[in-house]
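What follows is a single structure, written as structure tokens, with notes after it.
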Amino acid sequence: MDTFPATLLAIAITAPILVGLILLAGRDLPRSFASGFAFGGFAIPAVLGPWLLVLWSSPSSSAQQFQSEGFWGFGFALNGLSAPLLAMTSLVGLAAGIKALTQEVESRNTYLGLILFMLGGTLGVFGTNHLVGFYFFHEFALIPTFILTLFWGGEGRRPAAMQMAIYLTAGAMASLAGILIAVDAAGVEYGAATFENVIQGLQNAPHIPAATGALVLFGLGTLASLFPFHSWAAPGYSAAPTPVSMLHAGALKKFGLYGIIVLGLSSLDITGGSLGTWFLWFALANVLLVGLICLAQRDLKQLLSWSSVAHMGPIFLGIWVCGVSGKADGLAAAIFLMVAHGLSCAALFLLANAVRARAGTYRLDELGGLATRTPILAALFIAATMASIGLPGFGNFWGEVGVFLALRAQPLWLQALVASTVVISAVYALRAVASTFFGPASEALEKRFASAPFGDLGWAERFATFVLLGASMTIGFVPSLVTKSFSTEVSKTTTFSQHNAKAPVKAAPAPPAKR
Amino acid sequence: MIPFLADIDPVFKVLAPRPADWLSILPEIAVAGLSLLCLLQAMFLPKALRFLIPNTARIGLVLVAFMALNDGPWTTVDEATSFAGLLRQNLPIAGVRMVFLLSALLTSFLAERFLQERDAAVADYHHVLLVVTAAFMLLVQSNHFVTFFLALETGAVGLYVLVGYLRRSEASLEAGVKYLVAGGLSSALLLMGIVLVYGALGSAGVADSLNFTQIGKALTAQSIAHTISPLTLTGIALILGGVAFKLGAFPFHAWIPDVYQGAPTPTTAFLGTASKAAGAFTLVLLATGPFAPIAVKLAPLFAVGAVLTLLVGNLGALATTEVKRTLALSGVSHAGFILAAVTAALVVPGATGFDYNAEQIVVIYLLAYVIGTFLTAITLVSLPAAEDHRRPQLALRGLLRRSPILASALGFGISSLAGIPPSIGFVAKLLVLALLVKAKLWWVLGAALIGVAISIHYYFSILREAVVRPTDADEELAPLDIPFGTRFLIGALTATSIIGGLFVLFGR
């Protein structure tokens, strides 16, 4: 096996953690040195992650690639599904890092170090092949998130951080129980509990305890803000400092979805029986109820936070429809949307913070007319909004359209309900754009501009936004960049879910068509 | 005298200790010798050289730890008995000794400055501390109820002293009296149980019905013949109750909050780790040793005990904002985790999680608990407080700004106790959960998971006060100066926590 990509993967995951350690230990390191060092920590994975995705060759038999013999048994490895997620995480990490470097904060080195820890943990989640490592890295990112929110967070950080910690741990505990039971039912020794072994074991398991699927679905669903376990998410993202919101809502949250797909969908029959019915209704609630909550928001960051919960709905529906129909297209669209949503959601958080830095507020009724003062910020924000609501040209389009197409065999009422979300999300997103950038500026804003004139978006933030939106446009125009890696995996997963549904139909990998 | 007696009486020939017997408990003898050395130094050293006393104790403890970790006559791979069957080495003995030695060593670090600040004698404290340590190290090797009770009581009496050590502090004295009364009750229970078992089995024809091996054999025979008398079962229940008191398991946990809160913080840390470890190991020893034949009868008792201990400890800890009290009650929930592991061993003998058996998992759990507890205790002791027993969460406010290193010690300690990666506390909890899945103890598993979820609230509340950015009103909070020794200790414990955890998980 070629060890070169494996080394790259190991470097991509360990580099941010090591740099973070040095920054935490060297709290008094000079500013310029620390900045350069931290930038390295953010940039290394951002180069290696996409590179690994480009290096990906369509595997014929084994889906695991770039497997390293392991760092204390963690067994870093990518599969077709995690490769694009890792690449997305690394880009979000770079943008979040650039944002963090431009911020003026107390104890800057500690701040940067903790964000690097969070990035390293998130990369580790997608870069490990071992179920324990998978869980380990996610929890590893929890403490930095908690501390970052409490010390550097904004309004409401005390209750938000506690709520987030409790929900995330409770969800993680339920999923850990599910994982342990699944590993035991698969007859695999815990030490050898790689995804492949466990999934294979579960295929042939004589008996899987009934609650396993529910534990995995709702445990990991909590982490991915599945209704009704979603209420931690919006306050948590809102109160966190912007780089943390970007990383958490954009990348870390995908841990739950990734786990549901890899473990739940492939071998635990989460879409069958009454569990499947619950899953459908909860996913629909994510789309509809949370969409309505978004409509009621009057605060830009709250709105983005809630909308990032609402956008999980189509992803859940894509997973659900794949399990029900046994066809790969729903899952392929869901994975595509996971990648695209990470990019667009991070871009929106980044730009919203730029709005706040200029206008001094996130309140929509106190904003307005910014387009004339900051045209570039306005243009980029509109572009990011377009991406987020799934207009063609951006990655989200393939994801959302793919999910709707996958639902075409479902009852008409379901299709109608889901389609209505396009309208809802367009309404709240465009209204936010309108009241932030157009119309007359509020009096307070005018005064603020008169006393301290603010300029347009700085170069660093422009670059960070270009990275995110550029990546989204790239996969929007060349979707095969992403689909080539997961198409094999997806068809395999689908076969597994059919196996569980006892309806073996030959699955055709049907990723979104190349444009 | 002994050779002479041995000549005339063949019984003495059998019982007289052989040199190999003494060698098998060399670490324990060394610790006892160290404790006497503390007293001797206090008698003969001039005042200027008194600082040597705790240092001698620490160096001695480290040397003993090295000795215990290395192979020698004091370690055994297979089960072995010494002193004519009074002692037995069968647990993962090196790990067990390490829990007590580490706990004593860390307590000594905490105690020196703490006692000097309060004008209390350092040498006497170390003397008693080391006696208790040696007693507990012997306790977990006992194979006979006489050695068992003697070792347990030696440890308990020493702990009464350590709890009430601050003679000018009402809280400390009150805690000492409470502990004495509650401890006396538990000793009485234990003794009553021992006597019942002795009488019931003795009248059934067992030659030495205090010897664990013979009790085990007798119970095996009786359980096959269905002739176990109710008296024996009552006795066993009382004995387990007495041990559960040491462990702090429900319903014998009521003394814990008051005593832990009132005791001097170094003693609290020692009580919470070494004394709890003694209870835990004793429980493993009894449940997998003499009482193993009736495991089927014991398992439901243990399972219910584990579930209730987990819930009572965690829910109790929710209700208080005094940090020491919270940690005391959270210690009860940790006892529940240990009970859960023991239950799994009773239900499925030889069950393993990640290739570790239940005994090894209990050792790992306790080592993790020692590290987490002491990292937290270091933070508490380093913070100035008017009264040691009053340490509200609010006193931690702004710690991240006042002293980042203390805040990180607290963060690591708390996340280790709460079981968050990458600490060894996570690994320990993971092993117990894996063991529960293997044993298919779903109710206990559920209680453990709910417990962890509840515990996040009180653990993170403590952490929150330390971390949350202070508002301007709190600006008068002065930075804390942390001595190099404390910094080093924090670094060493944190590194041990991470590396040890990874080693346990992946190092084999």
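Chain labels run A, B, ... following the order of the structure tokens; each chain numbers its residues from 1, and ligands are numbered from 1 in the order shown.
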
Selection: 7 Å around Leu114 (chain A), only C-alpha atoms, excl. self and same-chain fewer than 3 positions, as a VMD selection string:
chain A and resid 20 110 to 111 117 to 118 144

Those residues with N, CA and C atoms, as a PDB file, in the first residue's frame please?
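Once written, part10.pdb looks like this:
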```pdb
ATOM      1  N   GLY A  20      -1.384  23.525  18.324  1.00  0.00           N
ATOM      2  CA  GLY A  20      -2.230  23.989  19.414  1.00  0.00           C
ATOM      3  C   GLY A  20      -1.573  23.770  20.761  1.00  0.00           C
ATOM      4  N   THR A 110      -3.782  31.336  23.642  1.00  0.00           N
ATOM      5  CA  THR A 110      -4.640  30.278  24.161  1.00  0.00           C
ATOM      6  C   THR A 110      -5.858  30.109  23.259  1.00  0.00           C
ATOM      7  N   TYR A 111      -6.402  31.236  22.833  1.00  0.00           N
ATOM      8  CA  TYR A 111      -7.565  31.219  21.936  1.00  0.00           C
ATOM      9  C   TYR A 111      -7.255  30.435  20.670  1.00  0.00           C
ATOM     10  N   PHE A 117      -7.080  22.915  18.488  1.00  0.00           N
ATOM     11  CA  PHE A 117      -7.480  21.635  19.090  1.00  0.00           C
ATOM     12  C   PHE A 117      -8.810  21.179  18.508  1.00  0.00           C
ATOM     13  N   MET A 118      -9.714  22.142  18.439  1.00  0.00           N
ATOM     14  CA  MET A 118     -11.039  21.822  17.923  1.00  0.00           C
ATOM     15  C   MET A 118     -10.940  21.335  16.483  1.00  0.00           C
ATOM     16  N   PRO A 144     -12.584  22.068  24.300  1.00  0.00           N
ATOM     17  CA  PRO A 144     -12.201  23.360  23.728  1.00  0.00           C
ATOM     18  C   PRO A 144     -13.417  24.201  23.332  1.00  0.00           C
TER      19      PRO A 144
END
```

Give me, as a Markdown table, the closest atom pair and its distance (Å, one decimal) for every residue of chain B within a cut-off of 8 Å of chain A, counting only C-alpha atoms, rows sorted by chain and rising number.
```
| residue | atom | partner | partner_atom | distance |
| --- | --- | --- | --- | --- |
| B:Gly353 | CA | A:Tyr190 | CA | 7.3 |
| B:Phe354 | CA | A:Tyr190 | CA | 5.3 |
| B:Asp355 | CA | A:Gly191 | CA | 7.9 |
| B:Ser415 | CA | A:Ile143 | CA | 8.0 |
| B:Ile420 | CA | A:Glu139 | CA | 6.3 |
| B:Pro421 | CA | A:Phe140 | CA | 5.1 |
| B:Pro422 | CA | A:Phe140 | CA | 6.0 |
| B:Leu433 | CA | A:Ala177 | CA | 7.7 |
| B:Ala434 | CA | A:Leu180 | CA | 6.3 |
| B:Val437 | CA | A:Ile181 | CA | 6.1 |
| B:Lys438 | CA | A:Asp184 | CA | 6.8 |
| B:Leu445 | CA | A:Ala177 | CA | 8.0 |
| B:Leu449 | CA | A:Met173 | CA | 6.0 |
| B:Ile450 | CA | A:Ala170 | CA | 7.6 |
| B:Val452 | CA | A:Met173 | CA | 7.7 |
| B:Ala453 | CA | A:Ala170 | CA | 4.9 |
| B:Ile454 | CA | A:Ile166 | CA | 7.8 |
| B:Ile456 | CA | A:Ile166 | CA | 5.9 |
| B:His457 | CA | A:Ile166 | CA | 6.3 |
| B:Phe460 | CA | A:Met162 | CA | 7.0 |
| B:Ser461 | CA | A:Met162 | CA | 7.4 |
| B:Arg464 | CA | A:Leu150 | CA | 7.0 |
| B:Val467 | CA | A:Phe151 | CA | 6.0 |
| B:Val468 | CA | A:Leu150 | CA | 4.7 |
| B:Arg469 | CA | A:Phe151 | CA | 4.4 |
| B:Leu502 | CA | A:Trp72 | CA | 7.1 |
| B:Phe503 | CA | A:Trp72 | CA | 7.7 |
| B:Leu505 | CA | A:Gly191 | CA | 7.9 |
| B:Phe506 | CA | A:Gly73 | CA | 5.4 |
| B:Gly507 | CA | A:Trp72 | CA | 6.7 |
```

Dump C-alpha atoms for the selected residues as a PDB file, in the first residue's frame?
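Once written, out25.pdb looks like this:
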```
ATOM      1  CA  GLY B 353     -13.817  -5.299  27.930  1.00  0.00           C
ATOM      2  CA  PHE B 354     -11.007  -4.315  25.548  1.00  0.00           C
ATOM      3  CA  ASP B 355      -9.179  -7.464  26.726  1.00  0.00           C
ATOM      4  CA  SER B 415     -12.826  16.251  32.452  1.00  0.00           C
ATOM      5  CA  ILE B 420     -14.128  13.254  28.536  1.00  0.00           C
ATOM      6  CA  PRO B 421     -11.321  12.332  26.129  1.00  0.00           C
ATOM      7  CA  PRO B 422      -8.372  12.440  25.952  1.00  0.00           C
ATOM      8  CA  LEU B 433     -19.296   0.387  29.776  1.00  0.00           C
ATOM      9  CA  ALA B 434     -17.780  -2.198  27.459  1.00  0.00           C
ATOM     10  CA  VAL B 437     -22.327  -4.522  27.369  1.00  0.00           C
ATOM     11  CA  LYS B 438     -20.454  -7.840  27.422  1.00  0.00           C
ATOM     12  CA  LEU B 445     -25.645   0.371  31.565  1.00  0.00           C
ATOM     13  CA  LEU B 449     -25.116   6.533  30.974  1.00  0.00           C
ATOM     14  CA  ILE B 450     -27.827   8.631  32.594  1.00  0.00           C
ATOM     15  CA  VAL B 452     -22.729  10.487  33.166  1.00  0.00           C
ATOM     16  CA  ALA B 453     -25.190  12.797  31.450  1.00  0.00           C
ATOM     17  CA  ILE B 454     -26.315  14.190  34.830  1.00  0.00           C
ATOM     18  CA  ILE B 456     -21.901  16.788  33.130  1.00  0.00           C
ATOM     19  CA  HIS B 457     -24.153  19.391  34.691  1.00  0.00           C
ATOM     20  CA  PHE B 460     -19.229  21.605  34.004  1.00  0.00           C
ATOM     21  CA  SER B 461     -20.848  24.049  36.431  1.00  0.00           C
ATOM     22  CA  ARG B 464     -17.865  27.122  34.051  1.00  0.00           C
ATOM     23  CA  VAL B 467     -13.570  29.587  32.804  1.00  0.00           C
ATOM     24  CA  VAL B 468     -16.311  32.111  32.139  1.00  0.00           C
ATOM     25  CA  ARG B 469     -14.930  35.549  31.233  1.00  0.00           C
ATOM     26  CA  LEU B 502      -3.870   5.974  25.349  1.00  0.00           C
ATOM     27  CA  PHE B 503      -1.569   3.267  26.633  1.00  0.00           C
ATOM     28  CA  LEU B 505      -6.518   1.596  25.213  1.00  0.00           C
ATOM     29  CA  PHE B 506      -3.967   0.906  22.534  1.00  0.00           C
ATOM     30  CA  GLY B 507      -0.716   0.002  24.220  1.00  0.00           C
TER      31      GLY B 507
END
```

At a cut-off of 10 Å, using only C-alpha atoms, what residues contact Asn55 (chain B)? Leave out same-chain residues fewer than 5 positions from it and give the result as a ChimeraX atom specification.
/B:38,50,60-61,108-109,112

If we count only C-alpha atoms and set the cut-off at 7 Å, which residues sit around region 423-431 of chain B, ignoring sequence neighbours fewer than 4 positions away in its own chain? Please answer as a ChimeraX atom specification.
/B:353-354,361,364-365,368-369,416-417,419,435,497-498,500-501,505

Check the DSSP output for the backbone and give back, as a ChimeraX atom specification, the residues of region 104-212 of chain B in alpha helix (DSSP H).
/B:104-117,122-139,145-163,170-203,212

Selection from above, C-alpha atoms, as a PDB file, in the first residue's frame, can you write it?
```pdb
ATOM      1  CA  ALA B 104      -0.265   8.709  49.493  1.00  0.00           C
ATOM      2  CA  LEU B 105       2.448  10.443  47.469  1.00  0.00           C
ATOM      3  CA  LEU B 106       0.056  13.009  46.044  1.00  0.00           C
ATOM      4  CA  THR B 107      -1.577  13.553  49.435  1.00  0.00           C
ATOM      5  CA  SER B 108       1.851  14.310  50.856  1.00  0.00           C
ATOM      6  CA  PHE B 109       2.389  16.955  48.168  1.00  0.00           C
ATOM      7  CA  LEU B 110      -0.946  18.545  48.957  1.00  0.00           C
ATOM      8  CA  ALA B 111      -0.537  18.320  52.715  1.00  0.00           C
ATOM      9  CA  GLU B 112       2.822  19.966  53.313  1.00  0.00           C
ATOM     10  CA  ARG B 113       1.952  23.525  52.388  1.00  0.00           C
ATOM     11  CA  PHE B 114      -1.637  23.112  53.511  1.00  0.00           C
ATOM     12  CA  LEU B 115      -0.614  22.069  57.029  1.00  0.00           C
ATOM     13  CA  GLN B 116       2.125  24.678  57.349  1.00  0.00           C
ATOM     14  CA  GLU B 117      -0.338  27.406  56.452  1.00  0.00           C
ATOM     15  CA  VAL B 122       3.612  17.860  59.128  1.00  0.00           C
ATOM     16  CA  ALA B 123       5.611  14.918  60.489  1.00  0.00           C
ATOM     17  CA  ASP B 124       2.751  13.362  62.449  1.00  0.00           C
ATOM     18  CA  TYR B 125       0.462  13.656  59.465  1.00  0.00           C
ATOM     19  CA  HIS B 126       2.925  11.786  57.288  1.00  0.00           C
ATOM     20  CA  HIS B 127       3.402   9.153  59.958  1.00  0.00           C
ATOM     21  CA  VAL B 128      -0.305   8.374  60.119  1.00  0.00           C
ATOM     22  CA  LEU B 129      -0.697   8.654  56.359  1.00  0.00           C
ATOM     23  CA  LEU B 130       1.968   6.030  55.761  1.00  0.00           C
ATOM     24  CA  VAL B 131       0.571   3.668  58.420  1.00  0.00           C
ATOM     25  CA  VAL B 132      -2.820   3.832  56.737  1.00  0.00           C
ATOM     26  CA  THR B 133      -1.221   3.262  53.336  1.00  0.00           C
ATOM     27  CA  ALA B 134       0.641   0.183  54.549  1.00  0.00           C
ATOM     28  CA  ALA B 135      -2.513  -1.133  56.233  1.00  0.00           C
ATOM     29  CA  PHE B 136      -4.567  -0.765  53.057  1.00  0.00           C
ATOM     30  CA  MET B 137      -1.837  -2.422  51.019  1.00  0.00           C
ATOM     31  CA  LEU B 138      -2.027  -5.391  53.383  1.00  0.00           C
ATOM     32  CA  LEU B 139      -5.819  -5.350  53.478  1.00  0.00           C
ATOM     33  CA  PHE B 145     -10.848 -12.520  58.248  1.00  0.00           C
ATOM     34  CA  VAL B 146      -8.438 -11.868  61.114  1.00  0.00           C
ATOM     35  CA  THR B 147      -5.863 -10.135  58.916  1.00  0.00           C
ATOM     36  CA  PHE B 148      -8.706  -8.574  56.988  1.00  0.00           C
ATOM     37  CA  PHE B 149     -10.295  -6.984  60.034  1.00  0.00           C
ATOM     38  CA  LEU B 150      -6.983  -5.962  61.590  1.00  0.00           C
ATOM     39  CA  ALA B 151      -5.771  -4.250  58.447  1.00  0.00           C
ATOM     40  CA  LEU B 152      -9.106  -2.569  57.857  1.00  0.00           C
ATOM     41  CA  GLU B 153      -9.283  -1.224  61.394  1.00  0.00           C
ATOM     42  CA  THR B 154      -5.676  -0.035  61.374  1.00  0.00           C
ATOM     43  CA  GLY B 155      -6.479   1.954  58.283  1.00  0.00           C
ATOM     44  CA  ALA B 156      -9.768   3.223  59.693  1.00  0.00           C
ATOM     45  CA  VAL B 157      -8.264   4.390  63.006  1.00  0.00           C
ATOM     46  CA  GLY B 158      -5.567   6.259  61.121  1.00  0.00           C
ATOM     47  CA  LEU B 159      -8.197   7.910  58.961  1.00  0.00           C
ATOM     48  CA  TYR B 160     -10.166   9.055  62.022  1.00  0.00           C
ATOM     49  CA  VAL B 161      -7.034  10.944  63.033  1.00  0.00           C
ATOM     50  CA  LEU B 162      -6.440  12.389  59.578  1.00  0.00           C
ATOM     51  CA  VAL B 163     -10.035  13.587  59.221  1.00  0.00           C
ATOM     52  CA  GLU B 170     -14.647  22.968  64.188  1.00  0.00           C
ATOM     53  CA  ALA B 171     -15.542  21.540  60.795  1.00  0.00           C
ATOM     54  CA  SER B 172     -12.604  19.162  60.848  1.00  0.00           C
ATOM     55  CA  LEU B 173     -13.372  17.956  64.372  1.00  0.00           C
ATOM     56  CA  GLU B 174     -17.033  17.546  63.574  1.00  0.00           C
ATOM     57  CA  ALA B 175     -16.158  15.531  60.496  1.00  0.00           C
ATOM     58  CA  GLY B 176     -13.782  13.437  62.600  1.00  0.00           C
ATOM     59  CA  VAL B 177     -16.487  12.600  65.136  1.00  0.00           C
ATOM     60  CA  LYS B 178     -19.015  11.827  62.435  1.00  0.00           C
ATOM     61  CA  TYR B 179     -16.565   9.591  60.678  1.00  0.00           C
ATOM     62  CA  LEU B 180     -15.698   7.872  63.959  1.00  0.00           C
ATOM     63  CA  VAL B 181     -19.346   7.148  64.748  1.00  0.00           C
ATOM     64  CA  ALA B 182     -20.242   6.038  61.235  1.00  0.00           C
ATOM     65  CA  GLY B 183     -17.019   4.060  60.917  1.00  0.00           C
ATOM     66  CA  GLY B 184     -17.627   2.393  64.265  1.00  0.00           C
ATOM     67  CA  LEU B 185     -21.056   1.333  63.090  1.00  0.00           C
ATOM     68  CA  SER B 186     -19.660  -0.150  59.908  1.00  0.00           C
ATOM     69  CA  SER B 187     -16.941  -1.993  61.820  1.00  0.00           C
ATOM     70  CA  ALA B 188     -19.594  -3.404  64.104  1.00  0.00           C
ATOM     71  CA  LEU B 189     -21.606  -4.588  61.101  1.00  0.00           C
ATOM     72  CA  LEU B 190     -18.540  -6.140  59.598  1.00  0.00           C
ATOM     73  CA  LEU B 191     -17.522  -7.876  62.795  1.00  0.00           C
ATOM     74  CA  MET B 192     -21.030  -9.168  63.354  1.00  0.00           C
ATOM     75  CA  GLY B 193     -21.018 -10.552  59.846  1.00  0.00           C
ATOM     76  CA  ILE B 194     -17.643 -12.204  60.322  1.00  0.00           C
ATOM     77  CA  VAL B 195     -18.810 -13.798  63.547  1.00  0.00           C
ATOM     78  CA  LEU B 196     -22.000 -15.116  61.939  1.00  0.00           C
ATOM     79  CA  VAL B 197     -20.096 -16.645  59.043  1.00  0.00           C
ATOM     80  CA  TYR B 198     -17.523 -18.071  61.474  1.00  0.00           C
ATOM     81  CA  GLY B 199     -20.204 -19.617  63.632  1.00  0.00           C
ATOM     82  CA  ALA B 200     -22.453 -20.896  60.872  1.00  0.00           C
ATOM     83  CA  LEU B 201     -19.670 -22.457  58.821  1.00  0.00           C
ATOM     84  CA  GLY B 202     -17.718 -23.579  61.864  1.00  0.00           C
ATOM     85  CA  SER B 203     -20.640 -25.560  63.180  1.00  0.00           C
ATOM     86  CA  PHE B 212     -11.171 -17.262  52.675  1.00  0.00           C
TER      87      PHE B 212
END
```

At what distance in Å, to one decimal, does CA of Thr128 (chain A) lie from CA of Phe39 (chain A)?
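According to the coordinates, CA of Phe39 (chain A) and CA of Thr128 (chain A) are separated by 24.0 Å.
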
Identify, on the basis of only C-alpha atoms, every residue whose closest approach to Ala306 (chain B) does not exceed 12 Å; exclude the query and any residue fewer than 5 positions from it along the same chain; express the result as a PyMOL selection string.
chain B and resi 244+247-251+299-301+311-313+332-344+436+441+443-448+451

Residues of region 153-394 of chain B in strand (DSSP E) according to DSSP, as a ChimeraX atom specification?
/B:352-353,356-357
